[in-house]
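Q: Below you'll find protein.tsv; it's TSV, C-alpha atoms.
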```
chain	number	residue	atom	x	y	z
A	282	MET	CA	-26.16	-4.92	-239.31
A	283	LEU	CA	-22.67	-3.39	-239.20
A	284	ARG	CA	-20.00	-5.61	-237.70
A	285	GLY	CA	-19.09	-4.49	-234.19
A	286	PHE	CA	-22.62	-3.32	-233.32
A	287	GLU	CA	-24.15	-6.74	-232.68
A	288	ASN	CA	-23.74	-6.32	-228.92
A	289	TYR	CA	-24.71	-2.66	-228.83
A	290	VAL	CA	-26.85	-1.76	-225.80
A	291	GLU	CA	-28.83	1.47	-225.83
A	292	PRO	CA	-27.78	3.69	-222.89
A	293	THR	CA	-30.33	4.21	-220.19
A	294	GLU	CA	-31.94	7.59	-219.58
A	295	ALA	CA	-29.79	7.99	-216.47
A	296	GLN	CA	-26.61	7.34	-218.51
A	297	TRP	CA	-27.65	9.92	-221.13
A	298	VAL	CA	-28.27	12.46	-218.37
A	299	ALA	CA	-24.90	11.72	-216.75
A	300	ALA	CA	-23.10	12.04	-220.11
A	301	GLU	CA	-24.82	15.34	-220.91
A	302	SER	CA	-23.95	16.67	-217.47
A	303	ALA	CA	-20.28	15.72	-217.94
A	304	ILE	CA	-20.13	17.43	-221.34
A	305	ARG	CA	-21.75	20.60	-219.97
A	306	LYS	CA	-19.27	20.62	-217.09
A	307	LEU	CA	-16.34	20.26	-219.50
A	308	ILE	CA	-17.61	23.09	-221.72
A	309	ASN	CA	-18.02	25.34	-218.68
A	310	GLN	CA	-14.36	24.74	-217.80
A	311	LEU	CA	-13.19	26.15	-221.15
A	312	GLU	CA	-12.25	29.80	-221.57
A	313	PRO	CA	-10.43	31.76	-224.28
A	314	ARG	CA	-6.66	32.22	-224.04
A	315	GLY	CA	-4.61	34.81	-225.87
A	316	LEU	CA	-1.62	33.83	-228.00
A	317	TYR	CA	1.40	33.22	-225.69
A	318	GLU	CA	-0.74	33.92	-222.60
A	319	ILE	CA	0.21	31.65	-219.66
A	320	PRO	CA	-2.60	31.54	-217.06
A	321	LYS	CA	-1.73	31.09	-213.39
A	322	ASP	CA	-4.79	28.95	-212.60
A	323	ARG	CA	-4.74	25.17	-212.46
A	324	GLY	CA	-5.57	23.68	-215.84
A	325	PHE	CA	-4.40	22.89	-219.38
A	326	CYS	CA	-3.16	25.37	-221.98
A	327	LEU	CA	-4.54	24.55	-225.43
A	328	PRO	CA	-4.17	26.57	-228.66
A	329	TYR	CA	-6.19	29.74	-227.98
A	330	ALA	CA	-8.04	28.06	-225.09
A	331	PHE	CA	-7.59	27.19	-221.42
A	332	LEU	CA	-9.27	24.21	-219.77
A	333	ARG	CA	-9.62	24.75	-216.03
A	334	ASP	CA	-8.89	21.69	-213.89
A	335	ASP	CA	-8.46	21.49	-210.12
A	336	GLY	CA	-5.78	18.82	-210.32
A	337	THR	CA	-7.55	16.30	-208.08
A	338	TYR	CA	-8.56	13.57	-210.54
A	339	GLY	CA	-7.20	11.71	-213.57
A	340	ASN	CA	-7.36	12.97	-217.11
A	341	LYS	CA	-6.34	12.23	-220.67
A	342	ILE	CA	-6.54	15.04	-223.20
A	343	SER	CA	-5.26	15.48	-226.76
A	344	THR	CA	-5.22	18.36	-229.20
A	345	SER	CA	-4.16	18.38	-232.86
A	346	PHE	CA	-3.22	21.41	-234.94
A	347	ARG	CA	-1.58	22.48	-238.19
A	348	PHE	CA	0.31	25.61	-239.23
A	349	ALA	CA	-1.26	27.74	-241.95
A	350	ASP	CA	1.90	27.70	-244.06
A	351	SER	CA	2.19	23.88	-243.89
A	352	PRO	CA	-1.32	22.37	-243.65
A	353	ALA	CA	-0.19	18.87	-244.67
A	354	VAL	CA	1.77	18.39	-241.41
A	355	ILE	CA	-0.29	17.49	-238.34
A	356	TYR	CA	0.97	17.90	-234.77
A	357	THR	CA	-0.75	16.15	-231.86
A	358	LEU	CA	-0.07	16.88	-228.19
A	359	SER	CA	-1.45	14.44	-225.59
A	360	VAL	CA	-1.28	14.68	-221.79
A	361	ALA	CA	-2.49	12.00	-219.38
A	362	SER	CA	-2.49	11.48	-215.63
A	363	ILE	CA	-3.61	8.15	-214.15
A	364	PRO	CA	-4.89	8.49	-210.56
A	365	GLY	CA	-4.15	6.06	-207.78
A	366	GLY	CA	-0.63	5.05	-208.77
A	367	GLY	CA	-1.55	2.96	-211.82
A	368	ALA	CA	0.92	2.09	-214.55
A	369	SER	CA	2.41	4.88	-216.66
A	370	GLU	CA	2.23	4.89	-220.46
A	371	THR	CA	4.77	2.61	-222.16
A	372	THR	CA	6.44	5.35	-224.18
A	373	ILE	CA	9.56	3.31	-224.97
A	374	LEU	CA	7.37	0.64	-226.58
A	375	ASN	CA	5.49	3.30	-228.51
A	376	ALA	CA	8.75	4.80	-229.79
A	377	THR	CA	10.09	1.38	-230.75
A	378	GLY	CA	6.87	0.49	-232.56
A	379	ARG	CA	6.92	3.67	-234.64
A	380	SER	CA	10.52	3.14	-235.73
A	381	SER	CA	9.80	-0.53	-236.59
A	382	THR	CA	7.00	0.25	-239.05
A	383	GLY	CA	7.32	-1.93	-242.14
A	384	ILE	CA	9.37	-4.68	-240.49
A	385	LEU	CA	6.46	-6.86	-239.42
A	386	SER	CA	3.91	-5.26	-241.72
A	387	GLN	CA	3.83	-4.45	-245.42
A	388	LEU	CA	4.27	-0.91	-246.66
A	389	PRO	CA	2.05	0.44	-249.46
A	390	GLU	CA	3.04	-0.30	-253.05
A	391	ASN	CA	6.00	1.71	-254.43
A	392	THR	CA	6.87	2.86	-250.89
A	393	THR	CA	10.26	2.22	-249.27
A	394	VAL	CA	11.83	3.14	-245.93
A	395	LYS	CA	14.17	6.09	-246.33
A	396	GLN	CA	15.12	6.57	-242.68
A	397	ARG	CA	14.32	4.96	-239.32
A	398	LEU	CA	14.35	7.39	-236.41
A	399	GLY	CA	15.47	5.66	-233.24
A	400	PRO	CA	14.23	4.53	-230.87
A	401	ARG	CA	16.47	7.05	-229.16
A	402	PRO	CA	16.57	9.42	-226.17
A	403	SER	CA	15.03	12.83	-226.69
A	404	LYS	CA	13.76	15.79	-224.68
A	405	ILE	CA	10.34	17.30	-224.09
A	406	GLY	CA	11.35	20.56	-222.49
A	407	ALA	CA	13.74	19.47	-219.73
A	408	LEU	CA	12.18	16.00	-219.41
A	409	THR	CA	14.10	12.97	-220.71
A	410	SER	CA	11.88	11.19	-223.22
A	411	GLU	CA	11.88	8.52	-225.92
A	412	GLN	CA	11.55	9.17	-229.64
A	413	GLY	CA	10.89	6.91	-232.60
A	414	GLY	CA	9.61	7.30	-236.12
A	415	ILE	CA	10.01	6.59	-239.77
A	416	VAL	CA	10.52	8.46	-243.03
A	417	VAL	CA	9.29	6.74	-246.19
A	418	GLU	CA	9.50	7.59	-249.88
A	419	THR	CA	6.80	6.85	-252.43
A	420	LYS	CA	7.56	6.75	-256.14
A	421	ARG	CA	4.95	8.42	-258.37
A	422	GLN	CA	4.77	8.02	-262.11
A	423	GLY	CA	5.38	11.35	-263.83
A	424	HIS	CA	6.13	13.13	-260.53
A	425	PRO	CA	9.12	13.37	-258.17
A	426	PRO	CA	9.16	10.91	-255.22
A	427	LEU	CA	7.10	11.99	-252.21
A	428	GLU	CA	8.29	11.76	-248.62
A	429	GLY	CA	6.00	10.77	-245.78
A	430	TYR	CA	6.89	10.65	-242.09
A	431	HIS	CA	5.62	9.96	-238.59
A	432	VAL	CA	7.64	10.97	-235.52
A	433	TYR	CA	6.63	10.12	-231.94
A	434	THR	CA	8.16	11.59	-228.76
A	435	GLY	CA	6.94	10.50	-225.33
A	436	TYR	CA	7.63	11.13	-221.64
A	437	ALA	CA	6.12	8.36	-219.49
A	438	GLY	CA	5.49	10.53	-216.44
A	439	TRP	CA	4.96	9.42	-212.85
A	440	ALA	CA	2.00	7.18	-212.09
A	441	GLY	CA	-0.54	8.98	-209.92
A	442	SER	CA	1.10	12.38	-210.43
A	443	GLN	CA	-0.61	15.46	-211.85
A	444	ILE	CA	2.53	17.59	-211.94
A	445	LEU	CA	4.58	15.03	-213.94
A	446	PRO	CA	1.99	13.53	-216.30
A	447	THR	CA	2.53	11.47	-219.42
A	448	ILE	CA	3.31	13.79	-222.34
A	449	GLU	CA	3.27	12.60	-225.95
A	450	VAL	CA	3.91	14.59	-229.13
A	451	THR	CA	3.57	13.32	-232.69
A	452	MET	CA	4.32	14.95	-236.02
A	453	GLU	CA	2.99	13.25	-239.14
A	454	SER	CA	2.59	14.15	-242.77
A	455	ALA	CA	-0.75	13.88	-244.57
A	456	ALA	CA	-1.06	12.67	-248.16
A	457	ARG	CA	-3.00	14.72	-250.69
A	458	ALA	CA	-4.42	11.49	-252.09
A	459	ALA	CA	-6.13	10.87	-248.75
A	460	TYR	CA	-7.13	14.52	-248.19
A	461	PRO	CA	-8.15	15.99	-251.58
A	462	ARG	CA	-8.71	19.46	-250.10
A	463	LEU	CA	-4.99	19.82	-249.42
A	464	ALA	CA	-3.48	22.13	-252.02
A	465	THR	CA	0.17	21.25	-251.28
A	466	ASP	CA	2.23	18.26	-250.19
A	467	ALA	CA	3.99	18.11	-246.86
A	468	PRO	CA	7.55	19.47	-246.95
A	469	PRO	CA	10.43	16.96	-246.75
A	470	TYR	CA	11.21	15.65	-243.27
A	471	GLU	CA	14.44	17.64	-242.96
A	472	GLN	CA	12.49	20.87	-243.55
A	473	ALA	CA	9.74	19.93	-241.07
A	474	ARG	CA	12.06	18.70	-238.32
A	475	PRO	CA	13.16	22.12	-236.92
A	476	ARG	CA	9.55	23.07	-236.20
A	477	LEU	CA	9.03	19.82	-234.26
A	478	ASP	CA	12.23	20.46	-232.30
A	479	ALA	CA	11.04	23.97	-231.42
A	480	LEU	CA	7.66	22.61	-230.27
A	481	LEU	CA	9.29	19.98	-228.03
A	482	LYS	CA	11.63	22.56	-226.53
A	483	SER	CA	8.75	24.94	-225.75
A	484	ILE	CA	6.82	22.47	-223.56
A	485	ARG	CA	7.45	23.07	-219.87
A	486	LEU	CA	5.89	22.78	-216.44
A	487	ARG	CA	4.44	25.97	-214.97
A	488	PRO	CA	3.65	27.12	-211.42
A	489	THR	CA	-0.01	27.60	-210.56
A	490	THR	CA	-1.96	29.73	-208.11
A	491	PRO	CA	-3.08	28.02	-205.93
A	492	PRO	CA	-0.33	25.34	-206.11
A	493	MET	CA	-1.18	21.88	-207.40
A	494	PRO	CA	-2.45	19.57	-204.60
A	495	GLU	CA	0.80	17.54	-204.65
A	496	LEU	CA	2.78	20.69	-203.84
A	497	VAL	CA	0.55	22.06	-201.07
A	498	GLY	CA	2.54	22.16	-197.83
A	499	ILE	CA	5.90	21.78	-199.58
A	500	GLN	CA	8.17	24.73	-198.89
```
Before anything else, please render the file you have as structure tokens.

A:
Amino acid sequence: MLRGFENYVEPTEAQWVAAESAIRKLINQLEPRGLYEIPKDRGFCLPYAFLRDDGTYGNKISTSFRFADSPAVIYTLSVASIPGGGASETTILNATGRSSTGILSQLPENTTVKQRLGPRPSKIGALTSEQGGIVVETKRQGHPPLEGYHVYTGYAGWAGSQILPTIEVTMESAARAAYPRLATDAPPYEQARPRLDALLKSIRLRPTTPPMPELVGIQ
């Protein structure tokens, strides 16, 4: 038996039905979205898709994507809203942890830290955020050194708020050794950085019709 499955309990028929119903509901909330189209409805804008949401309950959603001209760089955008006034995400700890990689843990063989990024203040759109990351260099016999990097930027948001949710953005390089189908290496960090900056700057809050529940009645 695989470790971690010793205590596995088969879901009941009612749980399977509830899960299937939730998945069907989620799928029915999805609709296509044109490039640069900004819907007025309540919901989440994803690459080429729009997920309708009435803004009355909690959520946590992530999407990852790559650009065709740089497939070895992965961008992940995550948004989360915790209902009921619970604790917000600890983005400053996340940023600090990313920039501390290799201090309390061992890096792979022939890999050294080239640059630590923060933790430092940053911006996601107009929102003050925290950023942390690391750039490493791996020596390869018979080939030039290869850079790898992971950059995290996070806005903690307001607990219980749908209009100021937690927003997290990461940019990380992928190694061809781990993904053999990649035909090229990731570009150096300094070449990839401007695209991350442009992505962070483009994220912004948008008005909806009807207004989000928190804004109803506010003039």

Q: Taking 2 positions as the minimum chain separation for residues in the same chain, which residues sit within 9 Å of region 411-422 of chain A when counting all atoms listed in the file? Answer as a PyMOL selection string.

A: chain A and resi 372-373+375-382+389-404+409+424-437+470

Q: Using CA of Arg462 (chain A) and CA of Pro352 (chain A) as the two end points, give the distance in Å to one decimal.

A: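 Those two atoms sit 10.2 Å apart.
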
Q: Any idea what's packed within 10 Å of Asp335 (chain A), counting all atoms listed in the file, ignoring anything in its chain fewer than 4 positions away? Could you give it as a PDB file with C-alpha atoms, in the frame of the given file?

A:
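Resulting contents of out_37.pdb:
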```
ATOM      1  CA  ASP A 322      -4.790  28.950-212.600  1.00  0.00           C
ATOM      2  CA  ARG A 323      -4.740  25.170-212.460  1.00  0.00           C
ATOM      3  CA  GLY A 324      -5.570  23.680-215.840  1.00  0.00           C
ATOM      4  CA  PRO A 491      -3.080  28.020-205.930  1.00  0.00           C
ATOM      5  CA  PRO A 492      -0.330  25.340-206.110  1.00  0.00           C
ATOM      6  CA  MET A 493      -1.180  21.880-207.400  1.00  0.00           C
ATOM      7  CA  PRO A 494      -2.450  19.570-204.600  1.00  0.00           C
TER       8      PRO A 494
END
```

Q: For CA of Thr371 (chain A) and CA of Leu358 (chain A), quote the distance in Å rounded to one decimal.

A: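 Answer for the CA of Thr371 (chain A) to CA of Leu358 (chain A) separation: 16.2 Å.
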
Q: One decimal, Å: what's the distance from CA of Ala407 (chain A) over to CA of Phe348 (chain A), could you say?

A: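 CA of Ala407 (chain A) sits 24.5 Å away from CA of Phe348 (chain A).
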
Q: Can you pull out every residue within 12 Å of Gln310 (chain A), counting all atoms listed in the file, but drop anything in the same chain fewer than 4 positions away, and send it as a PyMOL selection string?

A: chain A and resi 303-306+322-326+330-335

Q: For Arg476 (chain A), work out the shell of residues within 12 Å, counting only C-alpha atoms and skipping chain neighbours fewer than 6 positions away, then give it as an MDAnalysis selection string.

A: chainID A and resid 347:348 350:351 354:356 451:452 468 470 482:483

Q: Restricting it to C-alpha atoms, dump the selection as a JSON list (two decimals), in the coordinates of the input.

A:
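The result, written out as result-v3.json:
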```
[["chain", "number", "residue", "atom", "x", "y", "z"],
["A", 347, "ARG", "CA", -1.58, 22.48, -238.19],
["A", 348, "PHE", "CA", 0.31, 25.61, -239.23],
["A", 350, "ASP", "CA", 1.90, 27.70, -244.06],
["A", 351, "SER", "CA", 2.19, 23.88, -243.89],
["A", 354, "VAL", "CA", 1.77, 18.39, -241.41],
["A", 355, "ILE", "CA", -0.29, 17.49, -238.34],
["A", 356, "TYR", "CA", 0.97, 17.90, -234.77],
["A", 451, "THR", "CA", 3.57, 13.32, -232.69],
["A", 452, "MET", "CA", 4.32, 14.95, -236.02],
["A", 468, "PRO", "CA", 7.55, 19.47, -246.95],
["A", 470, "TYR", "CA", 11.21, 15.65, -243.27],
["A", 482, "LYS", "CA", 11.63, 22.56, -226.53],
["A", 483, "SER", "CA", 8.75, 24.94, -225.75]]
```

Q: Name the residues within 12 Å of (-12.9, 31.4, -226.9), counting only C-alpha atoms in the file's coordinates, and put them as a list in words.

A: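 Nearby residues: Ile308, Asn309, Gln310, Leu311, Glu312, Pro313, Arg314, Gly315, Leu316, Leu327, Pro328, Tyr329, Ala330, Phe331 and Leu332 of chain A.
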
Q: Using all atoms listed in the file, which of the listed residues (A:Ile363, A:Val298, A:Leu496, A:Ala458) sits closest to Gly438 (chain A)?

A: A:Ile363

Q: My list of candidates is A:Thr489, A:Ser343, A:Gln443, A:Ser454. Which is closest to Ser359 (chain A) when distances are computed with all atoms listed in the file?

A: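 The answer is A:Ser343, which sits nearest to Ser359 (chain A).
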
Q: Find the residue from A:Asn288, A:Ser302, A:Thr337, A:Ser345 that sits nearest to Glu453 (chain A); use only C-alpha atoms when measuring.

A: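 That would be A:Ser345, the residue with the smallest distance to Glu453 (chain A).
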
Q: Measuring atom to atom with all atoms listed in the file, identify which of A:Ala353, A:Val290, A:Ala295, A:Leu307 is nearest to Ala459 (chain A).

A: A:Ala353

Q: Please enclose the listed atoms of region 392-407 of chain A in an axis-aligned box, pad each side by 8 Å, and write out the centre and the three edge lengths in Å, rounded to one decimal, as AutoDock Vina command-line options.

A:
```
--center_x 11.7 --center_y 11.4 --center_z -235.3 --size_x 25.7 --size_y 34.3 --size_z 47.2
```

Q: A:Asp478, A:Ile405, A:Thr447, A:Leu463: which is nearest Asn340 (chain A), counting only C-alpha atoms?

A: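 The closest residue to Asn340 (chain A) is A:Thr447.
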